[in-house]
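Participant: One structure, pasted below without further comment.
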Amino acid sequence: MLELAILGFLADQPLHGYDLKRRIAHLTGHVRPIADGTLYPAIKRLERAGLLTRRVEPGAGAAPRQMLALTGPGRAELDRRLREPDEMEISDENRWFVLLAFLRHLDDPAARDQVLRRRLAFLRTPSSFFYEGDRPVRAEEVADPYRQGMLTIARATSQAELRWLGEMLGEPE
C-alpha cells in the first residue's frame, strides 16, 4: 500500500520527501500515520530498484531538498500494480482507496474496468463482521445497538459504492 502510494503520487508530479509524506498521511493517515522509519526505507528500496530518482535542489532559505521523481520503470511498475492488484487491495477498504486514488494512471480503460469489476464482485459476495457458523449476520439480527450500527453503516457504505461502481461500469443497479 505504501509503495503504491509513493509511485502514484510521484506519477502525479515530482515531490520532495516531506511533501510526499504529507500527501500519504492525508490519504491514509486516519488509518495509520506514516512514520519516517517506514517511508524513507520504502523510498530507498524503490530508488535502488530504479523506480524513482532523487536529485538535490536548493531549499527555500534552508537545507537543500531531495526531490523524488518517477522513472520509466517506475511508471511501468505503477501500471502493473494498478492492473494486477492482489486480493487484499480489492477486499481491504483502506488498500482499495489507495488503489482507487491512482487508478486514473492506468491508461487502458478495459484494464481499469476489470479492476472495478473485481471490486464489484467482492462487494456482491455476502459478508459481515459477525457470523453464525458460515452465515453472515445482518444488522436486523443483532440485538447489540453498537454492532447493529457497525453493520448498518457498512451496508450503507457498500450500497453507495455499488451504485458508483455500476455508474462507472455502465451497469444497471
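Each chain of the C-alpha cells is named A, B, ... in the order shown, its residues numbered from 1; ligands are numbered from 1 in display order.
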Using only C-alpha atoms, which protein or nucleic acid residues come within 7 Å of range 67-71 of chain A? Drop anything in the same chain fewer than 3 positions from it, and give the result as a PyMOL selection string.
Facilitator: chain A and resi 7+10-11+14-17+51-57+74-75
Participant: Using DSSP secondary structure from the backbone, list all alpha helix (DSSP H) positions within range 9-160 of chain A, as a compact mmCIF listing (two decimals) with C-alpha atoms, in the first residue's frame.
Facilitator:
```txt
# COMPACT_ATOMS: atom_id res chain seq x y z
CA PHE A 9 1.88 10.44 -6.03
CA LEU A 10 5.15 10.62 -7.98
CA ALA A 11 3.22 9.80 -11.16
CA ASP A 12 1.26 12.99 -10.47
CA GLY A 17 10.14 13.71 0.74
CA TYR A 18 8.28 15.91 3.20
CA ASP A 19 5.54 16.75 0.72
CA LEU A 20 5.23 13.08 -0.27
CA LYS A 21 4.91 12.12 3.41
CA ARG A 22 2.22 14.76 3.94
CA ARG A 23 0.20 13.57 0.93
CA ILE A 24 0.40 9.94 2.00
CA ALA A 25 -0.64 10.92 5.54
CA HIS A 26 -3.68 12.74 4.15
CA LEU A 27 -4.61 9.69 2.10
CA THR A 28 -4.02 7.05 4.79
CA ASP A 36 9.82 8.41 8.75
CA GLY A 37 11.20 4.99 9.69
CA THR A 38 8.67 3.44 7.32
CA LEU A 39 8.56 5.97 4.50
CA TYR A 40 12.25 6.62 3.87
CA PRO A 41 13.32 2.95 3.75
CA ALA A 42 10.50 2.37 1.22
CA ILE A 43 11.77 5.31 -0.86
CA LYS A 44 15.31 3.88 -0.74
CA ARG A 45 14.04 0.43 -1.84
CA LEU A 46 12.19 1.95 -4.78
CA GLU A 47 15.24 4.05 -5.68
CA ARG A 48 17.57 1.01 -5.55
CA GLY A 72 10.10 4.93 -16.81
CA PRO A 73 10.43 1.60 -14.99
CA GLY A 74 8.62 3.19 -12.02
CA ARG A 75 5.71 4.15 -14.25
CA ALA A 76 5.66 0.59 -15.64
CA GLU A 77 5.62 -0.82 -12.08
CA LEU A 78 2.76 1.51 -11.14
CA ASP A 79 0.88 0.31 -14.21
CA ARG A 80 1.48 -3.33 -13.25
CA ARG A 81 0.31 -2.78 -9.66
CA LEU A 82 -2.82 -0.98 -10.82
CA ARG A 83 -3.57 -3.56 -13.49
CA GLU A 87 -6.86 -9.71 -3.34
CA MET A 88 -6.17 -7.57 -0.26
CA GLU A 89 -6.09 -4.44 -2.42
CA ILE A 90 -9.55 -5.37 -3.69
CA SER A 91 -11.09 -6.52 -0.39
CA GLU A 93 -11.22 -0.88 2.18
CA ASN A 94 -8.13 1.15 3.09
CA ARG A 95 -5.95 -0.55 0.49
CA TRP A 96 -8.78 -0.24 -2.04
CA PHE A 97 -8.93 3.52 -1.51
CA VAL A 98 -5.18 3.84 -2.13
CA LEU A 99 -5.57 1.83 -5.34
CA LEU A 100 -8.61 3.86 -6.37
CA ALA A 101 -6.75 7.13 -5.73
CA PHE A 102 -4.34 6.31 -8.56
CA PRO A 109 -9.92 1.70 -19.91
CA ALA A 110 -10.64 -2.04 -20.21
CA ALA A 111 -7.99 -2.79 -17.56
CA ARG A 112 -9.45 -0.10 -15.26
CA ASP A 113 -12.92 -1.60 -15.73
CA GLN A 114 -11.58 -5.06 -14.93
CA VAL A 115 -10.25 -3.79 -11.59
CA LEU A 116 -13.62 -2.16 -10.85
CA ARG A 117 -15.40 -5.41 -11.76
CA ARG A 118 -13.25 -7.31 -9.28
CA ARG A 119 -14.29 -4.87 -6.54
CA LEU A 120 -17.92 -5.13 -7.65
CA ALA A 121 -17.77 -8.94 -7.42
CA PHE A 122 -16.24 -8.68 -3.95
CA LEU A 123 -18.99 -6.31 -2.74
CA ARG A 124 -21.71 -8.55 -4.15
CA PRO A 145 -27.01 -1.48 19.15
CA TYR A 146 -23.30 -0.84 18.56
CA ARG A 147 -22.80 -3.93 16.43
CA GLN A 148 -26.05 -3.12 14.69
CA GLY A 149 -24.64 0.34 13.99
CA MET A 150 -21.45 -1.14 12.53
CA LEU A 151 -23.43 -3.38 10.23
CA THR A 152 -25.86 -0.61 9.22
CA ILE A 153 -23.03 1.80 8.37
CA ALA A 154 -21.13 -0.89 6.46
CA ARG A 155 -24.25 -1.76 4.45
CA ALA A 156 -24.90 1.90 3.56
CA THR A 157 -21.27 2.36 2.50
CA SER A 158 -21.37 -0.79 0.39
CA GLN A 159 -24.64 0.23 -1.25
CA ALA A 160 -23.22 3.66 -2.14
```
Participant: By how many Å are CA of Pro126 in chain A and CA of Glu140 in chain A apart?
Facilitator: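 These two atoms are separated by 14.9 Å.
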Participant: Write out as a list in words all residues of range 110-165 of chain A that backbone DSSP assigns to strand (DSSP E or B).
Facilitator: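 Matching residues, listed in order: Tyr131, Glu132, Arg135 and Pro136 of chain A.
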Participant: Take the selection from the previous step and output its residues with N, CA and C atoms, as a CSV table (one decimal), in the first residue's frame.
Facilitator:
```
chain,number,residue,atom,x,y,z
A,131,TYR,N,-20.6,-13.7,12.2
A,131,TYR,CA,-21.1,-14.8,11.5
A,131,TYR,C,-21.7,-15.8,12.6
A,132,GLU,N,-22.7,-16.5,12.1
A,132,GLU,CA,-23.3,-17.7,12.8
A,132,GLU,C,-22.9,-18.9,12.0
A,135,ARG,N,-22.7,-18.4,8.1
A,135,ARG,CA,-23.7,-17.5,7.6
A,135,ARG,C,-23.4,-16.1,8.1
A,136,PRO,N,-23.3,-15.1,7.2
A,136,PRO,CA,-23.1,-13.7,7.7
A,136,PRO,C,-24.3,-13.2,8.4
```
Participant: Could you state the separation of CA of Phe129 in chain A and CA of Gly166 in chain A in Å, given to one decimal place?
Facilitator: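 Taking CA of Phe129 in chain A as the start and CA of Gly166 in chain A as the end point, the length is 24.3 Å.
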Participant: Between CA of Ala49 in chain A and CA of Gln66 in chain A, what is the spacing in Å?
Facilitator: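 Distance between the two atoms: 17.8 Å.
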Participant: Which is closer to Leu106 in chain A than all the others in A:Glu3, A:Glu167, A:Glu161, A:Glu84, using only C-alpha atoms?
Facilitator: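 So, comparing all the options, the nearest one is A:Glu84.
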